[in-house]
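What follows is the content of structure.cif, which has mmCIF, C-alpha atoms:
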```cif
data_model
#
loop_
_atom_site.group_PDB
_atom_site.id
_atom_site.type_symbol
_atom_site.label_atom_id
_atom_site.label_comp_id
_atom_site.auth_asym_id
_atom_site.auth_seq_id
_atom_site.Cartn_x
_atom_site.Cartn_y
_atom_site.Cartn_z
ATOM 1 C CA MET A 1 -7.732 -2.558 -123.032
ATOM 2 C CA ILE A 2 -9.779 -0.700 -120.395
ATOM 3 C CA THR A 3 -6.865 -1.031 -117.988
ATOM 4 C CA GLU A 4 -4.521 0.566 -120.519
ATOM 5 C CA ILE A 5 -6.949 3.465 -121.130
ATOM 6 C CA ILE A 6 -7.276 4.117 -117.383
ATOM 7 C CA LEU A 7 -3.501 4.015 -116.951
ATOM 8 C CA ILE A 8 -2.952 6.368 -119.910
ATOM 9 C CA PHE A 9 -5.510 8.755 -118.359
ATOM 10 C CA GLY A 10 -3.585 8.577 -115.097
ATOM 11 C CA ILE A 11 -0.281 9.339 -116.822
ATOM 12 C CA VAL A 12 -1.531 12.052 -119.183
ATOM 13 C CA VAL A 13 -4.300 13.924 -117.346
ATOM 14 C CA VAL A 14 -3.538 13.339 -113.674
ATOM 15 C CA GLY A 15 0.241 13.529 -114.123
ATOM 16 C CA THR A 16 0.108 16.726 -116.194
ATOM 17 C CA GLY A 17 -2.323 18.268 -113.711
ATOM 18 C CA GLY A 18 0.342 17.632 -111.086
ATOM 19 C CA GLU A 19 2.999 19.351 -113.204
ATOM 20 C CA ILE A 20 0.782 22.402 -113.656
ATOM 21 C CA CYS A 21 0.354 22.578 -109.872
ATOM 22 C CA LEU A 22 4.143 22.183 -109.530
ATOM 23 C CA THR A 23 4.701 25.109 -111.910
ATOM 24 C CA ARG A 24 2.314 27.229 -109.881
ATOM 25 C CA ALA A 25 4.114 26.331 -106.668
ATOM 26 C CA MET A 26 7.570 27.150 -108.079
ATOM 27 C CA LYS A 27 6.373 30.434 -109.565
ATOM 28 C CA THR A 28 5.236 31.309 -106.053
ATOM 29 C CA ILE A 29 8.752 30.632 -104.737
ATOM 30 C CA GLY A 30 10.357 32.728 -107.473
ATOM 31 C CA GLU A 31 13.468 32.326 -109.614
ATOM 32 C CA VAL A 32 16.306 30.312 -108.092
ATOM 33 C CA HIS A 33 19.647 32.130 -108.312
ATOM 34 C CA ASP A 34 21.773 30.319 -105.761
ATOM 35 C CA PHE A 35 22.576 26.669 -106.546
ATOM 36 C CA ARG A 36 24.683 25.880 -103.489
ATOM 37 C CA PRO A 37 23.354 22.835 -101.606
ATOM 38 C CA ARG A 38 22.252 24.813 -98.545
ATOM 39 C CA ALA A 39 20.410 27.350 -100.715
ATOM 40 C CA LEU A 40 18.726 24.558 -102.694
ATOM 41 C CA LEU A 41 17.614 22.906 -99.456
ATOM 42 C CA ASN A 42 16.136 26.249 -98.431
ATOM 43 C CA VAL A 43 14.293 26.494 -101.771
ATOM 44 C CA PHE A 44 12.795 23.016 -101.430
ATOM 45 C CA GLY A 45 11.956 23.726 -97.792
ATOM 46 C CA ARG A 46 10.028 26.826 -98.848
ATOM 47 C CA ALA A 47 8.395 24.920 -101.713
ATOM 48 C CA MET A 48 7.100 22.288 -99.293
ATOM 49 C CA ARG A 49 5.220 25.034 -97.423
ATOM 50 C CA VAL A 50 3.204 25.906 -100.529
ATOM 51 C CA GLY A 51 -0.140 24.105 -100.747
ATOM 52 C CA TRP A 52 0.104 23.677 -104.525
ATOM 53 C CA MET A 53 3.283 21.643 -104.071
ATOM 54 C CA TRP A 54 1.454 19.022 -101.980
ATOM 55 C CA ILE A 55 -1.364 18.792 -104.523
ATOM 56 C CA ALA A 56 1.289 18.476 -107.253
ATOM 57 C CA LEU A 57 3.096 15.666 -105.433
ATOM 58 C CA LEU A 58 -0.159 13.779 -104.882
ATOM 59 C CA LEU A 59 -1.210 14.010 -108.535
ATOM 60 C CA MET A 60 2.278 13.281 -109.857
ATOM 61 C CA ALA A 61 2.521 10.223 -107.589
ATOM 62 C CA ALA A 62 -0.745 8.946 -109.083
ATOM 63 C CA GLY A 63 0.680 9.594 -112.557
ATOM 64 C CA PHE A 64 3.905 7.816 -111.620
ATOM 65 C CA PHE A 65 2.148 4.655 -110.431
ATOM 66 C CA SER A 66 0.050 4.702 -113.595
ATOM 67 C CA LEU A 67 3.342 4.830 -115.529
ATOM 68 C CA LEU A 68 4.685 1.860 -113.581
ATOM 69 C CA GLY A 69 1.547 -0.145 -114.341
ATOM 70 C CA MET A 70 1.658 0.770 -118.022
ATOM 71 C CA LEU A 71 5.347 -0.117 -118.310
ATOM 72 C CA SER A 72 4.576 -3.598 -117.000
ATOM 73 C CA LEU A 73 2.119 -4.074 -119.879
ATOM 74 C CA GLU A 74 3.742 -2.319 -122.855
ATOM 75 C CA ASN A 75 7.187 -1.493 -124.310
ATOM 76 C CA VAL A 76 8.828 1.700 -123.084
ATOM 77 C CA SER A 77 9.240 2.934 -126.675
ATOM 78 C CA PHE A 78 5.449 2.750 -126.961
ATOM 79 C CA VAL A 79 4.501 4.023 -123.496
ATOM 80 C CA VAL A 80 6.690 7.119 -123.404
ATOM 81 C CA PRO A 81 5.625 8.591 -126.794
ATOM 82 C CA VAL A 82 1.965 8.055 -125.868
ATOM 83 C CA THR A 83 2.555 10.298 -122.862
ATOM 84 C CA ALA A 84 3.109 13.083 -125.440
ATOM 85 C CA LEU A 85 -0.666 13.534 -125.254
ATOM 86 C CA SER A 86 0.150 15.477 -122.106
ATOM 87 C CA TYR A 87 1.085 18.382 -124.429
ATOM 88 C CA VAL A 88 -2.612 18.822 -125.236
ATOM 89 C CA VAL A 89 -3.534 18.701 -121.559
ATOM 90 C CA GLY A 90 -0.554 20.939 -120.788
ATOM 91 C CA ALA A 91 -1.605 23.539 -123.374
ATOM 92 C CA TYR A 92 -5.186 23.642 -122.063
ATOM 93 C CA GLY A 93 -4.049 23.578 -118.455
ATOM 94 C CA GLY A 94 -1.438 26.266 -119.036
ATOM 95 C CA ALA A 95 -4.068 28.532 -120.597
ATOM 96 C CA LEU A 96 -6.780 27.794 -118.029
ATOM 97 C CA PHE A 97 -4.830 27.631 -114.779
ATOM 98 C CA LEU A 98 -1.562 29.483 -115.440
ATOM 99 C CA GLY A 99 -2.856 32.228 -117.746
ATOM 100 C CA GLU A 100 -0.493 31.294 -120.594
ATOM 101 C CA LYS A 101 -1.374 32.442 -124.110
ATOM 102 C CA VAL A 102 -1.552 29.459 -126.458
ATOM 103 C CA THR A 103 -0.917 30.820 -129.969
ATOM 104 C CA ARG A 104 -1.823 29.194 -133.310
ATOM 105 C CA GLN A 105 1.802 28.179 -133.739
ATOM 106 C CA ARG A 106 1.713 26.426 -130.399
ATOM 107 C CA TRP A 107 -1.510 24.611 -131.325
ATOM 108 C CA LEU A 108 0.092 23.539 -134.634
ATOM 109 C CA GLY A 109 2.874 21.968 -132.624
ATOM 110 C CA VAL A 110 0.342 20.246 -130.383
ATOM 111 C CA LEU A 111 -1.484 18.923 -133.485
ATOM 112 C CA LEU A 112 1.763 17.476 -134.842
ATOM 113 C CA VAL A 113 2.362 15.827 -131.494
ATOM 114 C CA CYS A 114 -1.086 14.221 -131.651
ATOM 115 C CA ILE A 115 -0.417 12.943 -135.195
ATOM 116 C CA GLY A 116 2.914 11.574 -134.057
ATOM 117 C CA VAL A 117 1.300 9.831 -131.106
ATOM 118 C CA THR A 118 -1.265 8.220 -133.432
ATOM 119 C CA MET A 119 1.547 7.001 -135.700
ATOM 120 C CA VAL A 120 3.347 5.520 -132.705
ATOM 121 C CA TRP A 121 0.113 3.776 -131.681
ATOM 122 C CA LYS A 122 -0.428 2.391 -135.206
ATOM 123 C CA GLY A 123 3.205 1.359 -135.399
ATOM 124 C CA GLN A 124 2.956 -0.859 -132.360
ATOM 125 C CA GLY A 125 4.632 -4.143 -133.243
ATOM 126 C CA MET B 126 13.062 35.006 -119.291
ATOM 127 C CA THR B 127 15.660 37.749 -119.427
ATOM 128 C CA PRO B 128 18.215 37.718 -122.248
ATOM 129 C CA GLY B 129 21.059 37.166 -119.797
ATOM 130 C CA SER B 130 23.501 34.485 -120.931
ATOM 131 C CA GLY B 131 23.762 33.161 -117.375
ATOM 132 C CA LEU B 132 20.045 32.498 -117.346
ATOM 133 C CA HIS B 133 20.227 30.664 -120.680
ATOM 134 C CA LEU B 134 23.231 28.665 -119.495
ATOM 135 C CA LYS B 135 21.549 27.431 -116.339
ATOM 136 C CA THR B 136 18.299 26.781 -118.221
ATOM 137 C CA PHE B 137 19.953 24.607 -120.861
ATOM 138 C CA PHE B 138 22.165 22.884 -118.302
ATOM 139 C CA LEU B 139 19.104 21.807 -116.314
ATOM 140 C CA LEU B 140 17.288 20.814 -119.525
ATOM 141 C CA LEU B 141 20.298 18.640 -120.427
ATOM 142 C CA ILE B 142 20.034 16.898 -117.046
ATOM 143 C CA MET B 143 16.321 16.356 -117.675
ATOM 144 C CA VAL B 144 16.845 14.925 -121.176
ATOM 145 C CA ILE B 145 19.484 12.460 -119.930
ATOM 146 C CA PHE B 146 18.065 11.374 -116.572
ATOM 147 C CA GLY B 147 14.372 11.243 -117.555
ATOM 148 C CA PRO B 148 14.667 8.637 -120.346
ATOM 149 C CA LEU B 149 17.330 6.696 -118.443
ATOM 150 C CA GLY B 150 14.976 6.466 -115.455
ATOM 151 C CA ASP B 151 12.116 5.306 -117.703
ATOM 152 C CA VAL B 152 14.253 2.603 -119.300
ATOM 153 C CA LEU B 153 15.540 1.351 -115.936
ATOM 154 C CA LEU B 154 11.985 1.277 -114.573
ATOM 155 C CA SER B 155 10.820 -0.584 -117.657
ATOM 156 C CA LYS B 156 13.570 -3.171 -117.298
ATOM 157 C CA GLY B 157 12.796 -3.529 -113.583
ATOM 158 C CA MET B 158 9.062 -3.980 -114.179
ATOM 159 C CA LYS B 159 9.616 -6.403 -117.059
ATOM 160 C CA ASP B 160 11.860 -8.480 -114.787
ATOM 161 C CA LEU B 161 8.950 -8.752 -112.347
ATOM 162 C CA GLY B 162 6.689 -10.083 -115.085
ATOM 163 C CA GLU B 163 3.173 -9.173 -116.142
ATOM 164 C CA ILE B 164 0.617 -8.526 -113.386
ATOM 165 C CA PRO B 165 -1.685 -11.607 -113.436
ATOM 166 C CA ASN B 166 -4.618 -9.873 -111.721
ATOM 167 C CA TRP B 167 -5.396 -6.622 -109.890
ATOM 168 C CA SER B 168 -6.569 -8.074 -106.570
ATOM 169 C CA PRO B 169 -5.412 -6.227 -103.401
ATOM 170 C CA ALA B 170 -3.258 -9.188 -102.340
ATOM 171 C CA GLU B 171 -1.557 -9.323 -105.731
ATOM 172 C CA LEU B 172 -1.007 -5.555 -105.717
ATOM 173 C CA ALA B 173 0.498 -5.729 -102.210
ATOM 174 C CA HIS B 174 2.845 -8.480 -103.383
ATOM 175 C CA LEU B 175 3.764 -6.400 -106.436
ATOM 176 C CA PHE B 176 4.361 -3.324 -104.248
ATOM 177 C CA VAL B 177 6.912 -5.239 -102.135
ATOM 178 C CA ALA B 178 8.568 -6.701 -105.242
ATOM 179 C CA VAL B 179 8.812 -3.252 -106.873
ATOM 180 C CA PHE B 180 10.517 -1.628 -103.908
ATOM 181 C CA THR B 181 13.020 -4.428 -103.391
ATOM 182 C CA SER B 182 14.264 -4.249 -106.978
ATOM 183 C CA GLY B 183 17.667 -2.561 -107.371
ATOM 184 C CA MET B 184 16.926 -1.758 -111.005
ATOM 185 C CA ILE B 185 13.755 0.082 -110.018
ATOM 186 C CA TRP B 186 15.575 2.005 -107.274
ATOM 187 C CA LEU B 187 18.211 3.056 -109.818
ATOM 188 C CA GLY B 188 15.410 4.199 -112.119
ATOM 189 C CA ILE B 189 13.800 6.100 -109.249
ATOM 190 C CA ALA B 190 17.162 7.770 -108.459
ATOM 191 C CA CYS B 191 17.435 8.945 -112.083
ATOM 192 C CA LEU B 192 13.858 10.230 -112.008
ATOM 193 C CA ILE B 193 14.570 12.109 -108.754
ATOM 194 C CA GLY B 194 17.506 13.816 -110.524
ATOM 195 C CA PHE B 195 15.144 14.625 -113.383
ATOM 196 C CA PHE B 196 12.500 15.940 -110.972
ATOM 197 C CA LEU B 197 14.929 18.202 -109.085
ATOM 198 C CA ALA B 198 16.155 19.766 -112.348
ATOM 199 C CA TYR B 199 12.558 20.090 -113.566
ATOM 200 C CA THR B 200 11.425 21.773 -110.344
ATOM 201 C CA LEU B 201 14.298 24.254 -110.348
ATOM 202 C CA VAL B 202 13.906 25.264 -114.006
ATOM 203 C CA LEU B 203 10.167 25.848 -113.492
ATOM 204 C CA SER B 204 10.987 28.506 -110.909
ATOM 205 C CA TRP B 205 11.888 30.909 -113.722
ATOM 206 C CA ALA B 206 10.844 29.386 -117.101
ATOM 207 C CA ASP B 207 7.326 28.830 -118.481
ATOM 208 C CA TYR B 208 5.769 25.364 -118.217
ATOM 209 C CA SER B 209 4.913 25.622 -121.907
ATOM 210 C CA PHE B 210 8.584 26.299 -122.682
ATOM 211 C CA VAL B 211 10.139 23.646 -120.469
ATOM 212 C CA GLN B 212 7.744 20.868 -121.508
ATOM 213 C CA PRO B 213 8.534 21.064 -125.267
ATOM 214 C CA ALA B 214 12.204 21.765 -124.675
ATOM 215 C CA SER B 215 12.531 18.414 -122.980
ATOM 216 C CA SER B 216 11.019 16.674 -126.032
ATOM 217 C CA PHE B 217 14.350 15.297 -127.200
ATOM 218 C CA SER B 218 13.894 12.713 -124.509
ATOM 219 C CA TYR B 219 11.528 10.901 -126.928
ATOM 220 C CA GLY B 220 14.401 10.225 -129.294
ATOM 221 C CA VAL B 221 16.696 9.324 -126.409
ATOM 222 C CA VAL B 222 14.206 6.864 -124.923
ATOM 223 C CA ALA B 223 13.609 5.205 -128.324
ATOM 224 C CA LEU B 224 17.352 4.739 -128.786
ATOM 225 C CA LEU B 225 17.730 3.359 -125.259
ATOM 226 C CA GLY B 226 14.722 1.062 -125.725
ATOM 227 C CA HIS B 227 16.179 -0.235 -128.983
ATOM 228 C CA PHE B 228 19.837 -0.607 -128.019
ATOM 229 C CA VAL B 229 19.608 -1.351 -124.277
ATOM 230 C CA LEU B 230 16.375 -3.334 -124.019
ATOM 231 C CA GLY B 231 16.459 -4.784 -127.543
ATOM 232 C CA GLU B 232 12.938 -3.568 -128.324
ATOM 233 C CA VAL B 233 11.783 -3.714 -131.947
ATOM 234 C CA ILE B 234 10.811 -0.292 -133.275
ATOM 235 C CA THR B 235 8.931 -0.279 -136.579
ATOM 236 C CA PRO B 236 9.646 2.406 -139.233
ATOM 237 C CA LEU B 237 6.159 3.857 -138.628
ATOM 238 C CA ARG B 238 6.932 4.238 -134.946
ATOM 239 C CA TRP B 239 10.264 5.915 -135.736
ATOM 240 C CA ALA B 240 8.397 8.291 -138.072
ATOM 241 C CA GLY B 241 5.871 8.988 -135.317
ATOM 242 C CA ILE B 242 8.639 9.840 -132.862
ATOM 243 C CA LEU B 243 10.140 12.179 -135.490
ATOM 244 C CA VAL B 244 6.782 13.954 -135.990
ATOM 245 C CA ILE B 245 6.381 14.296 -132.210
ATOM 246 C CA CYS B 246 9.822 15.897 -131.991
ATOM 247 C CA CYS B 247 8.930 18.314 -134.859
ATOM 248 C CA GLY B 248 5.691 19.237 -133.101
ATOM 249 C CA VAL B 249 7.275 19.961 -129.780
ATOM 250 C CA LEU B 250 10.075 21.919 -131.475
ATOM 251 C CA ILE B 251 7.448 24.198 -133.068
ATOM 252 C CA VAL B 252 5.847 24.656 -129.653
ATOM 253 C CA GLY B 253 9.294 25.368 -128.250
ATOM 254 C CA HIS B 254 9.824 28.184 -130.759
ATOM 255 C CA THR B 255 6.878 30.139 -129.371
ATOM 256 C CA PRO B 256 7.693 32.814 -126.780
ATOM 257 C CA PRO B 257 9.024 31.114 -123.659
ATOM 258 C CA ARG B 258 7.104 33.434 -121.351
ATOM 259 C CA THR B 259 3.565 34.515 -122.191
ATOM 260 C CA THR B 260 2.441 35.500 -118.725
ATOM 261 C CA ASP B 261 3.118 38.644 -116.750
ATOM 262 C CA HIS B 262 6.392 38.213 -114.836
ATOM 263 C CA THR B 263 4.749 39.789 -111.797
ATOM 264 C CA THR B 264 1.729 37.501 -111.783
ATOM 265 C CA ASP B 265 -0.301 37.865 -108.629
ATOM 266 C CA HIS B 266 -0.077 34.687 -106.597
ATOM 267 C CA THR B 267 -1.900 36.061 -103.569
ATOM 268 C CA THR B 268 -3.733 32.764 -103.051
ATOM 269 C CA ASP B 269 -0.478 30.786 -103.126
ATOM 270 C CA LEU B 270 1.260 33.186 -100.779
ATOM 271 C CA THR B 271 -1.693 33.020 -98.444
ATOM 272 C CA MET B 272 -1.458 29.228 -98.413
ATOM 273 C CA GLU B 273 2.274 29.429 -97.688
ATOM 274 C CA THR B 274 1.817 32.005 -94.944
ATOM 275 C CA THR B 275 -1.015 30.031 -93.362
ATOM 276 C CA ILE B 276 1.061 26.872 -93.147
ATOM 277 C CA THR B 277 4.021 28.839 -91.753
ATOM 278 C CA LEU B 278 1.827 30.454 -89.085
ATOM 279 C CA GLU B 279 0.323 27.115 -88.138
ATOM 280 C CA ARG B 280 3.791 25.678 -87.576
ATOM 281 C CA SER B 281 5.035 28.630 -85.514
#
```
Turn this file's structure into structure tokens for me.
Amino acid sequence: MITEIILIFGIVVVGTGGEICLTRAMKTIGEVHDFRPRALLNVFGRAMRVGWMWIALLLMAAGFFSLLGMLSLENVSFVVPVTALSYVVGAYGGALFLGEKVTRQRWLGVLLVCIGVTMVWKGQG
Amino acid sequence: MTPGSGLHLKTFFLLLIMVIFGPLGDVLLSKGMKDLGEIPNWSPAELAHLFVAVFTSGMIWLGIACLIGFFLAYTLVLSWADYSFVQPASSFSYGVVALLGHFVLGEVITPLRWAGILVICCGVLIVGHTPPRTTDHTTDHTTDLTMETTITLERS
């Protein structure tokens, strides 16, 4: 059980932290307009020179290996919905680190997600 | 986000790629890991053996390829859309992954779990109906730019 909790923490908190860093890195690069292969290579080349991107990759890799470990223990239809808890972390992280305004409506959505996750947990076969 | 139809088109096209490739990658990874069997213990030797087994599995490589496709689309869409918009918008993957788990892997999904997935989708849809961009479009990223410039200077 402790292993599962650690792995869920890795997926939800560490993985989402990586995605927030990724968002920050891509906002630094700016909107992509040109989708030709050479232009996309240029975009990813520029992205790899942003420090946040490296932090993002590190955290997301940790989240990914946590996902692999969890998938070896539980069904995918249980593991993936549980990762919906990342919406709570994402909402807090978006407000704290990206300056996003989390409205009541958005929190209502997050609450529903949490209820849904609990139902998925209870509904484990 | 600007109201331009081109912007919406490319946003939803990339979201479609995410919704298809993300769950497919998860299911392939799950099948690959299940084929390897449960991890008996977490000793370094066992983990090293597992590491080799994981990266010699074709199923897992296929799953990784799908997740790379997902990641590229995700990265690109985050260059213009809010994280709090993209994250909920990709919520339909929960339904997709449940269907794949049920029909491809033969997993048993109880009615309560189906209901839970439905509630999750409702929740993320509500989040998705909030304004897609709540931050200033011209947010100051001086720190980020400094990091980028520093690395560039170090390389030159």
| field | Chain and number of each residue from the PyMOL selection byres ((chain B) within 6 of (chain A)), as a PyMOL selection string | value | chain B and resi 155+158-159+163+203-205+223+226+237-238+241+244-245+248-249+251-252+259-260+272-273
Every residue with an atom at most 12 Å from (-1.0, 14.0, -113.5) (file coordinates; only C-alpha atoms) is what I'm after, so could you write them as a CSV table (one decimal) with C-alpha atoms, keeping the file's coordinate frame?
```csv
chain,number,residue,atom,x,y,z
A,7,LEU,CA,-3.5,4.0,-117.0
A,8,ILE,CA,-3.0,6.4,-119.9
A,9,PHE,CA,-5.5,8.8,-118.4
A,10,GLY,CA,-3.6,8.6,-115.1
A,11,ILE,CA,-0.3,9.3,-116.8
A,12,VAL,CA,-1.5,12.1,-119.2
A,13,VAL,CA,-4.3,13.9,-117.3
A,14,VAL,CA,-3.5,13.3,-113.7
A,15,GLY,CA,0.2,13.5,-114.1
A,16,THR,CA,0.1,16.7,-116.2
A,17,GLY,CA,-2.3,18.3,-113.7
A,18,GLY,CA,0.3,17.6,-111.1
A,19,GLU,CA,3.0,19.4,-113.2
A,20,ILE,CA,0.8,22.4,-113.7
A,21,CYS,CA,0.4,22.6,-109.9
A,22,LEU,CA,4.1,22.2,-109.5
A,55,ILE,CA,-1.4,18.8,-104.5
A,56,ALA,CA,1.3,18.5,-107.3
A,57,LEU,CA,3.1,15.7,-105.4
A,58,LEU,CA,-0.2,13.8,-104.9
A,59,LEU,CA,-1.2,14.0,-108.5
A,60,MET,CA,2.3,13.3,-109.9
A,61,ALA,CA,2.5,10.2,-107.6
A,62,ALA,CA,-0.7,8.9,-109.1
A,63,GLY,CA,0.7,9.6,-112.6
A,64,PHE,CA,3.9,7.8,-111.6
A,65,PHE,CA,2.1,4.7,-110.4
A,66,SER,CA,0.0,4.7,-113.6
A,67,LEU,CA,3.3,4.8,-115.5
A,83,THR,CA,2.6,10.3,-122.9
A,85,LEU,CA,-0.7,13.5,-125.3
A,86,SER,CA,0.2,15.5,-122.1
A,87,TYR,CA,1.1,18.4,-124.4
A,89,VAL,CA,-3.5,18.7,-121.6
A,90,GLY,CA,-0.6,20.9,-120.8
A,93,GLY,CA,-4.0,23.6,-118.5
```
| field | Distance in Å - atom CA of B:Phe176 versus atom CA of B:Gly194 | value |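 Result for atom CA of B:Phe176 versus atom CA of B:Gly194: 22.5 Å, one decimal.
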| task | Give me the result of the PyMOL selection byres ((chain B and resi 139) around 12) on this file, residue by residue, as a VMD selection string. | result | (chain A and resid 35) or (chain B and resid 132 to 138 140 to 147 194 to 206 211 214 to 215)
| said: Set the distance at 9 Å and use only C-alpha atoms: which residues neighbour B:Leu225 once local chain neighbours fewer than 4 positions away are removed? I'd like the list as a PyMOL selection string. | reply: (chain A and resi 77) or (chain B and resi 148-149+152+220-221+229-232)
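Our summary of the geometry notes that atom CA of B:Cys191 is positioned 4.9 Å from atom CA of B:Gly150.
We find atom CA of B:Lys156 and atom CA of B:Ala178 to be spaced 13.5 Å apart.
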| Using all atoms listed in the file, which residue out of B:Asn166, B:His174, B:Phe180, B:Ala190 lies closest to B:Asp151? |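 Of B:Asn166, B:His174, B:Phe180, B:Ala190, the one nearest B:Asp151 is B:Ala190, counting all atoms listed in the file.
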Where atoms are lacking, stretch 210-226 of chain B completed to N, CA and C atoms, as an mmCIF file, keeping the file's coordinate frame:
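The new file selection_3.cif reads:
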```cif
data_model
loop_
_atom_site.group_PDB
_atom_site.id
_atom_site.type_symbol
_atom_site.label_atom_id
_atom_site.label_comp_id
_atom_site.auth_asym_id
_atom_site.auth_seq_id
_atom_site.Cartn_x
_atom_site.Cartn_y
_atom_site.Cartn_z
ATOM 1 N N PHE B 210 7.261 26.258 -122.056
ATOM 2 C CA PHE B 210 8.584 26.299 -122.682
ATOM 3 C C PHE B 210 9.388 25.066 -122.276
ATOM 4 N N VAL B 211 9.343 24.760 -120.999
ATOM 5 C CA VAL B 211 10.139 23.646 -120.469
ATOM 6 C C VAL B 211 9.641 22.307 -121.016
ATOM 7 N N GLN B 212 8.323 22.150 -121.076
ATOM 8 C CA GLN B 212 7.744 20.868 -121.508
ATOM 9 C C GLN B 212 8.195 20.494 -122.933
ATOM 10 N N PRO B 213 8.048 21.415 -123.923
ATOM 11 C CA PRO B 213 8.534 21.064 -125.267
ATOM 12 C C PRO B 213 10.052 20.949 -125.345
ATOM 13 N N ALA B 214 10.738 21.780 -124.595
ATOM 14 C CA ALA B 214 12.204 21.765 -124.675
ATOM 15 C C ALA B 214 12.782 20.426 -124.252
ATOM 16 N N SER B 215 12.033 19.718 -123.431
ATOM 17 C CA SER B 215 12.531 18.414 -122.980
ATOM 18 C C SER B 215 12.101 17.281 -123.922
ATOM 19 N N SER B 216 11.582 17.670 -125.102
ATOM 20 C CA SER B 216 11.019 16.674 -126.032
ATOM 21 C C SER B 216 12.063 15.725 -126.616
ATOM 22 N N PHE B 217 13.312 16.150 -126.617
ATOM 23 C CA PHE B 217 14.350 15.297 -127.200
ATOM 24 C C PHE B 217 14.474 13.983 -126.442
ATOM 25 N N SER B 218 13.867 13.958 -125.280
ATOM 26 C CA SER B 218 13.894 12.713 -124.509
ATOM 27 C C SER B 218 13.162 11.590 -125.253
ATOM 28 N N TYR B 219 12.235 11.936 -126.158
ATOM 29 C CA TYR B 219 11.528 10.901 -126.928
ATOM 30 C C TYR B 219 12.494 10.135 -127.826
ATOM 31 N N GLY B 220 13.395 10.882 -128.467
ATOM 32 C CA GLY B 220 14.401 10.225 -129.294
ATOM 33 C C GLY B 220 15.366 9.412 -128.448
ATOM 34 N N VAL B 221 15.755 10.004 -127.309
ATOM 35 C CA VAL B 221 16.696 9.324 -126.409
ATOM 36 C C VAL B 221 16.101 8.016 -125.898
ATOM 37 N N VAL B 222 14.820 8.058 -125.494
ATOM 38 C CA VAL B 222 14.206 6.864 -124.923
ATOM 39 C C VAL B 222 14.014 5.780 -125.992
ATOM 40 N N ALA B 223 13.751 6.182 -127.242
ATOM 41 C CA ALA B 223 13.609 5.205 -128.324
ATOM 42 C C ALA B 223 14.948 4.512 -128.578
ATOM 43 N N LEU B 224 16.018 5.312 -128.579
ATOM 44 C CA LEU B 224 17.352 4.739 -128.786
ATOM 45 C C LEU B 224 17.715 3.794 -127.644
ATOM 46 N N LEU B 225 17.429 4.207 -126.418
ATOM 47 C CA LEU B 225 17.730 3.359 -125.259
ATOM 48 C C LEU B 225 16.893 2.073 -125.304
ATOM 49 N N GLY B 226 15.605 2.225 -125.636
ATOM 50 C CA GLY B 226 14.722 1.062 -125.725
ATOM 51 C C GLY B 226 15.213 0.075 -126.769
#
```
